[in-house]
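**Student:** To start, I am sharing the structure in question, which I have written as structure tokens.
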Amino acid sequence: MTVDLPGFADPVGGAQECFRAVLDAMARPGAIRAAACPPPAKLHAATAAVLLTLVDSETSLWIDPALAAATDWVRFHCGPREVEASQADFVLAASLPALDRLRAGTDEGPDESATVILQVADFAAGQRLRLAGPGLRAPATLDVDGLPTGFLAAWEANHALFPRGVDLILCARDRLACLPRSVRIEKG
Amino acid sequence: MIGYNFAYLDEQTKRMIRRALLKAVAIPGHQVPFGSREMPLPYGWGTGGIQVTAAVLGRQDVLKVIDQGADDTTNAVSIRRFFARTAGVATTTHTAEATVIQTRHRIPEQALREDQIIVYQVPQPEPLSKLEPSRAETRRMHALAEYGPMHVKLYEDITRYGHIAISYDYPVMVNGRYLMSPSPIPAFDNPKLDMMPALQLFGAGREKRIYAIPPYTEVRSLDFDDHPFRATRAPHACGLCGATDSYLDEVVTDDRGGRLFVCSDTDHCETRRAAGHVGEQAMAAE
């Protein structure tokens with residue numbers, strides 16, 4: 001087993017900066033923020049940074065088989081419990097998993113839900129999403145290259161569960177954007 | 001900073017708080033349980049706010065801490081010094097210069113911006129606590145959005161006093177879904193919660209809850225069509241700066257009934273005085 005060791009050059013400052021990027025992106029759905037650390041094979045810089053920032057031995061993680069090459073790196077740096085997608089706190093995916101099969105939390109504890117860290121190709125082309133909801137003064141748009149055609153229907157079902165539901169952190173290269181369950185999405 | 005991790009908390013704890021914060025932002029107004037740590041100051045002194053600030057704060061941040069609007073009270077000074085020591089961050093008393101503002105029981109008079117975060121210290125996060133002592137029951141009430149008892153409480157106020165007799169910690173509905181305690185800010189500040197450009201984070205240390213209001217989120221103070229919410233303030237002008245639109249503290253000045261009404265937001269008052277505004281008492285003293 002070989003592991004690419006580098007994580008954040010500055011573990012404390014790097015995680016803090018990445019967290020603020022995710023926090024700001026979660027608070028302003030569709031806003032694109034920068035986050036990066038040297039990634040292992042298969043992961044983008046932003047994906048790796050988000051994992052280092054949020055995932056540790058207190059959390060459970062499912063890793064998409066398509067990203068299996070990064071497993072050793074994730075184990076070394078984060079050491080999460082590795083579980084089925086339907087049980088996971090964090091779902092690391094290279095393509096959109098079936099959202100309705102992930103943990104959506106309970107009526108009393110909607111926060112006990114999964115966060116999907118979805119690696120996509122880019123925020124420049126692809127599907128144009130029109131976003132509205134908390135965090136947005138006016139509807140915003142987000143272009144995502146890497147979402148399947150059935151995404152809007154899957155999201156509508158997820159949003160309808162509110163306050164239950166899953167939240168998405170989209171990562172592309174050294175950029176990220178978030179789609180909290182509270183956001184309404186239409187075709188842009 | 002020798003002997004401490006940056007901003008006092010260890011990284012594992014920060015990650016736990018950060019995960020709770022993200023869920024709190026995704027579910028506006030919902031109280032997320034978190035593993036509140038023992039802090040080097042007692043519960044009731046802002047341990048929840050401090051832990052949220054510690055999880056958010058970075059080296060580039062400029063921190064402002066206020067206690068009832070004032071930068072110069074014991075609680076504000078000690079928390080500001082705590083982070084200056086444990087995180088080495090720059091601090092300020094000027095609202096406009098701050099990137100992170102930790103507050104006990106006030107929202108600054110000056111409107112906050114999109115690039116700012118305000119962290120509230122919360123003693124009791126559960127708005128239903130005085131109506132229903134069981135935590136298990138209030139969780140169920142939030143799950144069902146069963147907020148009738150709070151409306152009954154407001155209605156009983158009207159029948160007894162002729163108006164809703166809540167002057168602080170006035171309950172709000174966030175995003176049309178969750179009943180939320182805005183922490184004991186005066187009802188005067190409630191309108192500022194609504195559609196605020198800044199991200200609002202709430203930390204309750206003893207009660208071990210974190211909640212949040214994203215920017216530009218609807219926050220409505222509970223009321224009735226025929227008894228609409230009114231933000232009240234003492235009907236005076238600030239004795240020092242003459243402001244007629246700020247929230248005022250009443251200060252007893254002697255044993256013969258002397259009173260001085262001054263802005264509770266010290267930075268607001270000082271900024272106005274520096275700009276040449278003079279209140280009645282300040283003029284009389286000169």
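Just remember, in the structure tokens the first chain shown is A, the second B, etc., residues are 1-based per chain, and ligands are 1-based in the order shown.
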What parts of range 76-179 of chain B does DSSP call alpha helix (DSSP H)? I'd like the answer as a ChimeraX atom specification.
**Tutor:** /B:76-86,135-143,148-161
**Student:** Store the residues picked out above in a file with C-alpha atoms, as a short mmCIF file (atom, residue, chain, number, x, y, z; two decimals), in the first residue's frame.
**Tutor:**
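Below is the file that was written, again-v6.cif:
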data_model
loop_
_atom_site.label_atom_id
_atom_site.label_comp_id
_atom_site.auth_asym_id
_atom_site.auth_seq_id
_atom_site.Cartn_x
_atom_site.Cartn_y
_atom_site.Cartn_z
CA ALA B 76 -16.81 41.50 25.91
CA VAL B 77 -13.30 42.48 26.98
CA SER B 78 -12.44 39.03 28.32
CA ILE B 79 -13.72 37.16 25.24
CA ARG B 80 -11.97 39.57 22.89
CA ARG B 81 -8.73 39.13 24.83
CA PHE B 82 -9.23 35.36 24.90
CA PHE B 83 -9.18 35.18 21.09
CA ALA B 84 -6.46 37.78 20.75
CA ARG B 85 -4.32 35.46 22.92
CA THR B 86 -5.36 32.03 21.67
CA ARG B 135 -36.95 18.61 25.99
CA ALA B 136 -38.27 15.42 24.39
CA GLU B 137 -41.68 17.04 24.04
CA THR B 138 -40.39 20.31 22.53
CA ARG B 139 -38.39 18.30 19.98
CA ARG B 140 -41.61 16.59 19.00
CA MET B 141 -43.41 19.95 18.83
CA HIS B 142 -40.73 21.30 16.47
CA ALA B 143 -40.99 18.14 14.37
CA GLY B 148 -50.08 26.70 18.98
CA PRO B 149 -49.09 27.03 22.66
CA MET B 150 -46.81 29.99 21.82
CA HIS B 151 -49.68 31.77 20.09
CA VAL B 152 -51.83 31.08 23.14
CA LYS B 153 -49.15 32.62 25.35
CA LEU B 154 -49.09 35.76 23.17
CA TYR B 155 -52.89 35.87 23.19
CA GLU B 156 -52.96 35.59 26.99
CA ASP B 157 -50.55 38.54 27.16
CA ILE B 158 -52.98 40.59 25.09
CA THR B 159 -55.96 39.68 27.27
CA ARG B 160 -54.02 40.51 30.46
CA TYR B 161 -51.95 43.53 29.46
#
**Student:** Skipping near chain neighbours, those fewer than 2 positions away, what residues fall within 12 Å of Gly88 in chain B using only C-alpha atoms, listed as number ranges by chain?
**Tutor:** B: 1-2, 4-8, 54, 57-63, 80-86, 90-91
**Student:** Pull N, CA, C and O atoms from the residues just selected and write them as an mmCIF file, in the first residue's frame.
**Tutor:**
data_model
loop_
_atom_site.group_PDB
_atom_site.id
_atom_site.type_symbol
_atom_site.label_atom_id
_atom_site.label_comp_id
_atom_site.auth_asym_id
_atom_site.auth_seq_id
_atom_site.Cartn_x
_atom_site.Cartn_y
_atom_site.Cartn_z
ATOM 1 N N MET B 1 0.719 32.009 21.835
ATOM 2 C CA MET B 1 -0.165 30.896 21.522
ATOM 3 C C MET B 1 0.467 29.561 21.906
ATOM 4 O O MET B 1 -0.064 28.514 21.565
ATOM 5 N N ILE B 2 1.600 29.596 22.586
ATOM 6 C CA ILE B 2 2.267 28.346 22.957
ATOM 7 C C ILE B 2 1.402 27.595 23.973
ATOM 8 O O ILE B 2 0.888 28.173 24.919
ATOM 9 N N TYR B 4 -1.412 26.057 23.236
ATOM 10 C CA TYR B 4 -2.794 25.940 22.765
ATOM 11 C C TYR B 4 -2.804 25.668 21.271
ATOM 12 O O TYR B 4 -1.928 26.106 20.547
ATOM 13 N N ASN B 5 -3.848 24.990 20.831
ATOM 14 C CA ASN B 5 -4.115 24.959 19.400
ATOM 15 C C ASN B 5 -4.660 26.324 19.006
ATOM 16 O O ASN B 5 -5.141 27.084 19.851
ATOM 17 N N PHE B 6 -4.616 26.635 17.705
ATOM 18 C CA PHE B 6 -5.173 27.892 17.223
ATOM 19 C C PHE B 6 -6.634 28.020 17.669
ATOM 20 O O PHE B 6 -7.421 27.090 17.503
ATOM 21 N N ALA B 7 -6.961 29.154 18.264
ATOM 22 C CA ALA B 7 -8.320 29.423 18.743
ATOM 23 C C ALA B 7 -8.778 28.438 19.818
ATOM 24 O O ALA B 7 -9.962 28.119 19.916
ATOM 25 N N TYR B 8 -7.838 27.940 20.602
ATOM 26 C CA TYR B 8 -8.070 27.154 21.812
ATOM 27 C C TYR B 8 -8.559 25.735 21.580
ATOM 28 O O TYR B 8 -8.023 24.795 22.132
ATOM 29 N N ALA B 54 -14.717 30.017 17.756
ATOM 30 C CA ALA B 54 -13.438 29.304 17.637
ATOM 31 C C ALA B 54 -13.421 28.400 16.407
ATOM 32 O O ALA B 54 -12.381 28.214 15.772
ATOM 33 N N LEU B 57 -13.338 31.072 13.221
ATOM 34 C CA LEU B 57 -12.299 32.098 13.143
ATOM 35 C C LEU B 57 -11.052 31.636 12.389
ATOM 36 O O LEU B 57 -10.595 30.507 12.558
ATOM 37 N N GLY B 58 -10.501 32.541 11.551
ATOM 38 C CA GLY B 58 -9.242 32.288 10.866
ATOM 39 C C GLY B 58 -8.263 33.411 11.127
ATOM 40 O O GLY B 58 -8.617 34.435 11.704
ATOM 41 N N ARG B 59 -7.050 33.202 10.666
ATOM 42 C CA ARG B 59 -5.994 34.180 10.985
ATOM 43 C C ARG B 59 -6.271 35.550 10.375
ATOM 44 O O ARG B 59 -5.786 36.559 10.870
ATOM 45 N N GLN B 60 -7.034 35.576 9.272
ATOM 46 C CA GLN B 60 -7.264 36.854 8.595
ATOM 47 C C GLN B 60 -8.458 37.610 9.179
ATOM 48 O O GLN B 60 -8.723 38.746 8.775
ATOM 49 N N ASP B 61 -9.189 36.975 10.091
ATOM 50 C CA ASP B 61 -10.404 37.617 10.596
ATOM 51 C C ASP B 61 -10.099 38.771 11.531
ATOM 52 O O ASP B 61 -9.049 38.830 12.167
ATOM 53 N N VAL B 62 -11.063 39.686 11.578
ATOM 54 C CA VAL B 62 -11.014 40.788 12.530
ATOM 55 C C VAL B 62 -12.234 40.620 13.424
ATOM 56 O O VAL B 62 -13.365 40.594 12.948
ATOM 57 N N LEU B 63 -11.990 40.452 14.716
ATOM 58 C CA LEU B 63 -13.052 40.089 15.648
ATOM 59 C C LEU B 63 -13.528 41.279 16.470
ATOM 60 O O LEU B 63 -12.733 42.056 16.977
ATOM 61 N N ARG B 80 -12.827 38.983 23.938
ATOM 62 C CA ARG B 80 -11.971 39.571 22.894
ATOM 63 C C ARG B 80 -10.507 39.258 23.185
ATOM 64 O O ARG B 80 -9.749 38.869 22.296
ATOM 65 N N ARG B 81 -10.113 39.397 24.457
ATOM 66 C CA ARG B 81 -8.726 39.135 24.828
ATOM 67 C C ARG B 81 -8.401 37.642 24.712
ATOM 68 O O ARG B 81 -7.303 37.256 24.340
ATOM 69 N N PHE B 82 -9.400 36.803 25.017
ATOM 70 C CA PHE B 82 -9.228 35.356 24.896
ATOM 71 C C PHE B 82 -8.813 34.983 23.471
ATOM 72 O O PHE B 82 -7.854 34.229 23.257
ATOM 73 N N PHE B 83 -9.516 35.529 22.474
ATOM 74 C CA PHE B 83 -9.185 35.185 21.091
ATOM 75 C C PHE B 83 -7.955 35.922 20.583
ATOM 76 O O PHE B 83 -7.242 35.409 19.726
ATOM 77 N N ALA B 84 -7.704 37.106 21.116
ATOM 78 C CA ALA B 84 -6.456 37.779 20.748
ATOM 79 C C ALA B 84 -5.274 36.925 21.208
ATOM 80 O O ALA B 84 -4.268 36.801 20.512
ATOM 81 N N ARG B 85 -5.406 36.285 22.380
ATOM 82 C CA ARG B 85 -4.323 35.459 22.922
ATOM 83 C C ARG B 85 -4.241 34.093 22.262
ATOM 84 O O ARG B 85 -3.172 33.613 21.928
ATOM 85 N N THR B 86 -5.407 33.422 22.115
ATOM 86 C CA THR B 86 -5.365 32.029 21.667
ATOM 87 C C THR B 86 -5.371 31.891 20.150
ATOM 88 O O THR B 86 -5.032 30.838 19.627
ATOM 89 N N ALA B 90 -6.675 39.884 14.851
ATOM 90 C CA ALA B 90 -6.873 41.308 15.074
ATOM 91 C C ALA B 90 -8.258 41.514 15.676
ATOM 92 O O ALA B 90 -9.195 40.778 15.365
ATOM 93 N N THR B 91 -8.381 42.485 16.554
ATOM 94 C CA THR B 91 -9.684 42.799 17.134
ATOM 95 C C THR B 91 -10.008 44.255 16.865
ATOM 96 O O THR B 91 -9.129 45.058 16.565
#
**Student:** Only residues of chain B matter here; which ones have an atom within 7 Å of chain A, counting only C-alpha atoms? Give them as an mmCIF file with N, CA and C atoms, in the first residue's frame.
**Tutor:**
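Ended up saving to out-v9.cif:
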data_model
loop_
_atom_site.group_PDB
_atom_site.id
_atom_site.type_symbol
_atom_site.label_atom_id
_atom_site.label_comp_id
_atom_site.auth_asym_id
_atom_site.auth_seq_id
_atom_site.Cartn_x
_atom_site.Cartn_y
_atom_site.Cartn_z
ATOM 1 N N ARG B 15 -13.948 20.267 14.030
ATOM 2 C CA ARG B 15 -14.639 19.565 12.940
ATOM 3 C C ARG B 15 -16.067 19.214 13.351
ATOM 4 N N ARG B 19 -19.307 20.613 11.432
ATOM 5 C CA ARG B 19 -20.356 19.769 10.831
ATOM 6 C C ARG B 19 -21.736 20.201 11.324
ATOM 7 N N LEU B 22 -22.836 23.421 9.547
ATOM 8 C CA LEU B 22 -23.306 23.256 8.165
ATOM 9 C C LEU B 22 -24.736 22.727 8.133
ATOM 10 N N LYS B 23 -25.049 21.779 9.025
ATOM 11 C CA LYS B 23 -26.430 21.280 9.078
ATOM 12 C C LYS B 23 -27.363 22.380 9.567
ATOM 13 N N VAL B 25 -27.091 25.554 9.041
ATOM 14 C CA VAL B 25 -27.323 26.485 7.938
ATOM 15 C C VAL B 25 -28.295 25.873 6.921
ATOM 16 N N ALA B 26 -28.184 24.563 6.726
ATOM 17 C CA ALA B 26 -29.040 23.890 5.743
ATOM 18 C C ALA B 26 -30.491 23.781 6.223
ATOM 19 N N ILE B 27 -30.692 23.861 7.560
ATOM 20 C CA ILE B 27 -32.049 23.757 8.129
ATOM 21 C C ILE B 27 -32.268 25.007 8.982
ATOM 22 N N VAL B 32 -29.422 22.197 16.290
ATOM 23 C CA VAL B 32 -28.601 21.008 16.080
ATOM 24 C C VAL B 32 -27.817 20.720 17.363
ATOM 25 N N VAL B 56 -15.040 28.962 13.646
ATOM 26 C CA VAL B 56 -15.195 29.760 12.438
ATOM 27 C C VAL B 56 -13.962 30.612 12.155
ATOM 28 N N GLY B 58 -10.501 32.541 11.551
ATOM 29 C CA GLY B 58 -9.242 32.288 10.866
ATOM 30 C C GLY B 58 -8.263 33.411 11.127
ATOM 31 N N ARG B 139 -38.930 18.843 21.244
ATOM 32 C CA ARG B 139 -38.389 18.303 19.982
ATOM 33 C C ARG B 139 -39.523 17.790 19.096
ATOM 34 N N ARG B 140 -40.478 17.115 19.752
ATOM 35 C CA ARG B 140 -41.615 16.589 19.004
ATOM 36 C C ARG B 140 -42.464 17.737 18.460
ATOM 37 N N ALA B 143 -40.838 19.076 15.479
ATOM 38 C CA ALA B 143 -40.987 18.137 14.365
ATOM 39 C C ALA B 143 -42.345 18.305 13.696
ATOM 40 N N PRO B 214 -29.380 31.588 7.570
ATOM 41 C CA PRO B 214 -28.575 31.996 6.411
ATOM 42 C C PRO B 214 -28.885 33.451 6.054
ATOM 43 N N PRO B 215 -28.048 34.070 5.237
ATOM 44 C CA PRO B 215 -28.335 35.434 4.785
ATOM 45 C C PRO B 215 -29.665 35.452 4.023
ATOM 46 N N TYR B 216 -30.264 36.611 3.964
ATOM 47 C CA TYR B 216 -31.481 36.808 3.155
ATOM 48 C C TYR B 216 -32.524 35.724 3.392
ATOM 49 N N THR B 217 -32.797 35.472 4.661
ATOM 50 C CA THR B 217 -33.811 34.492 5.037
ATOM 51 C C THR B 217 -34.937 35.213 5.768
#
**Student:** Write out as a PDB file with N, CA and C atoms, in the first residue's frame which residues come within 9 Å of Trp155 in chain A when counting only C-alpha atoms, dropping same-chain ones fewer than 2 positions away.
**Tutor:**
ATOM      1  N   LEU A  99     -30.583   9.810  -4.226  1.00  0.00           N
ATOM      2  CA  LEU A  99     -30.707  10.607  -2.999  1.00  0.00           C
ATOM      3  C   LEU A  99     -31.710   9.998  -2.033  1.00  0.00           C
ATOM      4  N   GLY A 150     -31.720  13.130 -14.631  1.00  0.00           N
ATOM      5  CA  GLY A 150     -32.819  13.019 -13.674  1.00  0.00           C
ATOM      6  C   GLY A 150     -32.619  13.847 -12.420  1.00  0.00           C
ATOM      7  N   PHE A 151     -31.628  14.726 -12.407  1.00  0.00           N
ATOM      8  CA  PHE A 151     -31.287  15.431 -11.170  1.00  0.00           C
ATOM      9  C   PHE A 151     -32.430  16.283 -10.639  1.00  0.00           C
ATOM     10  N   LEU A 152     -33.077  17.033 -11.525  1.00  0.00           N
ATOM     11  CA  LEU A 152     -34.116  17.963 -11.059  1.00  0.00           C
ATOM     12  C   LEU A 152     -35.246  17.224 -10.346  1.00  0.00           C
ATOM     13  N   ALA A 153     -35.650  16.092 -10.884  1.00  0.00           N
ATOM     14  CA  ALA A 153     -36.710  15.312 -10.245  1.00  0.00           C
ATOM     15  C   ALA A 153     -36.236  14.757  -8.905  1.00  0.00           C
ATOM     16  N   ALA A 157     -37.792  15.796  -5.087  1.00  0.00           N
ATOM     17  CA  ALA A 157     -38.217  14.837  -4.063  1.00  0.00           C
ATOM     18  C   ALA A 157     -37.459  15.081  -2.759  1.00  0.00           C
ATOM     19  N   ASN A 158     -36.171  15.407  -2.877  1.00  0.00           N
ATOM     20  CA  ASN A 158     -35.353  15.672  -1.691  1.00  0.00           C
ATOM     21  C   ASN A 158     -35.822  16.948  -0.985  1.00  0.00           C
ATOM     22  N   HIS A 159     -36.068  17.984  -1.768  1.00  0.00           N
ATOM     23  CA  HIS A 159     -36.502  19.268  -1.198  1.00  0.00           C
ATOM     24  C   HIS A 159     -37.882  19.132  -0.549  1.00  0.00           C
ATOM     25  N   ALA A 160     -38.711  18.261  -1.107  1.00  0.00           N
ATOM     26  CA  ALA A 160     -40.066  18.080  -0.572  1.00  0.00           C
ATOM     27  C   ALA A 160     -40.053  17.464   0.820  1.00  0.00           C
ATOM     28  N   ARG A 181     -30.572  21.368   1.412  1.00  0.00           N
ATOM     29  CA  ARG A 181     -31.917  20.836   1.143  1.00  0.00           C
ATOM     30  C   ARG A 181     -32.973  21.930   1.038  1.00  0.00           C
ATOM     31  N   ARG A 184     -34.703  25.553  -3.563  1.00  0.00           N
ATOM     32  CA  ARG A 184     -35.573  25.083  -4.638  1.00  0.00           C
ATOM     33  C   ARG A 184     -34.804  25.208  -5.946  1.00  0.00           C
ATOM     34  N   ILE A 185     -34.882  24.170  -6.763  1.00  0.00           N
ATOM     35  CA  ILE A 185     -34.123  24.192  -8.011  1.00  0.00           C
ATOM     36  C   ILE A 185     -35.047  23.974  -9.184  1.00  0.00           C
TER      37      ILE A 185
END
**Student:** With DSSP run on the backbone, what are the strand (DSSP E) residues within range 18-220 of chain B? I'd like them as an MDAnalysis selection string.
**Tutor:** chainID B and resid 32:33 62:67 90:91 100:104 117:121 172:174 178:180 199:204 209:213 219:220
**Student:** Which is closest to Val116 in chain A among A:Pro80, A:Thr71, A:Pro39, A:Val50, if we use only C-alpha atoms?
**Tutor:**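 Of A:Pro80, A:Thr71, A:Pro39, A:Val50, the one nearest Val116 in chain A is A:Val50, counting only C-alpha atoms.
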**Student:** Which residues of range 38-98 of chain B have any atom within 9 Å of an atom in range 248-266 of chain B when counting only C-alpha atoms, and what is the closest pair of atoms for each, with the distance in Å to one decimal? Order the rows by chain and rising number and write it as a Markdown table.
**Tutor:**
| residue | atom | partner | partner_atom | distance |
| --- | --- | --- | --- | --- |
| B:Ile66 | CA | B:Asp265 | CA | 8.4 |
| B:Gln68 | CA | B:Ser264 | CA | 6.5 |
| B:Gly69 | CA | B:Asp265 | CA | 4.1 |
| B:Ala70 | CA | B:Thr266 | CA | 5.1 |
| B:Asp71 | CA | B:Thr266 | CA | 6.7 |
| B:Asp72 | CA | B:Thr266 | CA | 8.2 |
| B:Thr93 | CA | B:Thr266 | CA | 8.8 |
**Student:** Take the selection from the previous step and output its residues with N, CA and C atoms, as a short mmCIF file (atom, residue, chain, number, x, y, z; two decimals), in the first residue's frame.
**Tutor:**
data_model
loop_
_atom_site.label_atom_id
_atom_site.label_comp_id
_atom_site.auth_asym_id
_atom_site.auth_seq_id
_atom_site.Cartn_x
_atom_site.Cartn_y
_atom_site.Cartn_z
N ILE B 66 -19.25 42.12 21.52
CA ILE B 66 -20.07 43.07 22.27
C ILE B 66 -20.92 42.34 23.30
N GLN B 68 -24.33 43.31 25.42
CA GLN B 68 -25.42 44.29 25.48
C GLN B 68 -25.07 45.52 24.63
N GLY B 69 -24.40 45.32 23.53
CA GLY B 69 -24.06 46.43 22.64
C GLY B 69 -22.74 47.08 22.95
N ALA B 70 -22.19 46.82 24.13
CA ALA B 70 -20.97 47.53 24.54
C ALA B 70 -19.72 46.70 24.30
N ASP B 71 -18.67 47.37 23.84
CA ASP B 71 -17.39 46.70 23.61
C ASP B 71 -16.54 46.68 24.89
N ASP B 72 -16.95 47.45 25.89
CA ASP B 72 -16.05 47.68 27.03
C ASP B 72 -16.52 47.06 28.34
N THR B 93 -13.28 47.46 17.72
CA THR B 93 -14.56 47.81 18.32
C THR B 93 -15.49 48.40 17.26
#
**Student:** Do you know which residues are at most 7 Å from Lys64 in chain B counting only C-alpha atoms, after dropping those on the same chain fewer than 5 positions away, and could you put them as a short mmCIF file (atom, residue, chain, number, x, y, z; two decimals) with N, CA and C atoms, in the first residue's frame?
**Tutor:**
data_model
loop_
_atom_site.label_atom_id
_atom_site.label_comp_id
_atom_site.auth_asym_id
_atom_site.auth_seq_id
_atom_site.Cartn_x
_atom_site.Cartn_y
_atom_site.Cartn_z
N THR B 91 -8.38 42.49 16.55
CA THR B 91 -9.68 42.80 17.13
C THR B 91 -10.01 44.26 16.87
N THR B 92 -11.28 44.56 16.96
CA THR B 92 -11.72 45.93 16.71
C THR B 92 -12.96 46.20 17.54
N THR B 93 -13.28 47.46 17.72
CA THR B 93 -14.56 47.81 18.32
C THR B 93 -15.49 48.40 17.26
N ALA B 98 -15.14 44.78 11.39
CA ALA B 98 -15.13 43.39 11.85
C ALA B 98 -15.59 42.44 10.75
N VAL B 100 -15.95 39.00 11.88
CA VAL B 100 -16.73 38.15 12.78
C VAL B 100 -17.11 38.98 14.01
N ILE B 101 -18.39 38.99 14.34
CA ILE B 101 -18.87 39.73 15.51
C ILE B 101 -19.52 38.74 16.46
N GLN B 102 -18.96 38.58 17.65
CA GLN B 102 -19.63 37.76 18.65
C GLN B 102 -20.43 38.70 19.55
#
**Student:** Between A:Val120, A:Ala9, A:Val91, A:Ala140, single out the one closest to Leu43 in chain A, counting only C-alpha atoms.
**Tutor:**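 Using only C-alpha atoms, the shortest distance to Leu43 in chain A belongs to A:Val120.
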**Student:** Would you mind telling me which residue in B:Gln124, B:Thr95, B:Gln51, B:Ser167 lies nearest to Ser181 in chain B when using only C-alpha atoms?
**Tutor:**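 Closest to Ser181 in chain B of all the choices is B:Gln124.
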**Student:** Skip Ala121 in chain A itself and residues of its chain fewer than 5 positions away, then list as a VMD selection string all residues within 6 Å of it, counting only C-alpha atoms.
**Tutor:** chain A and resid 145 to 146 172
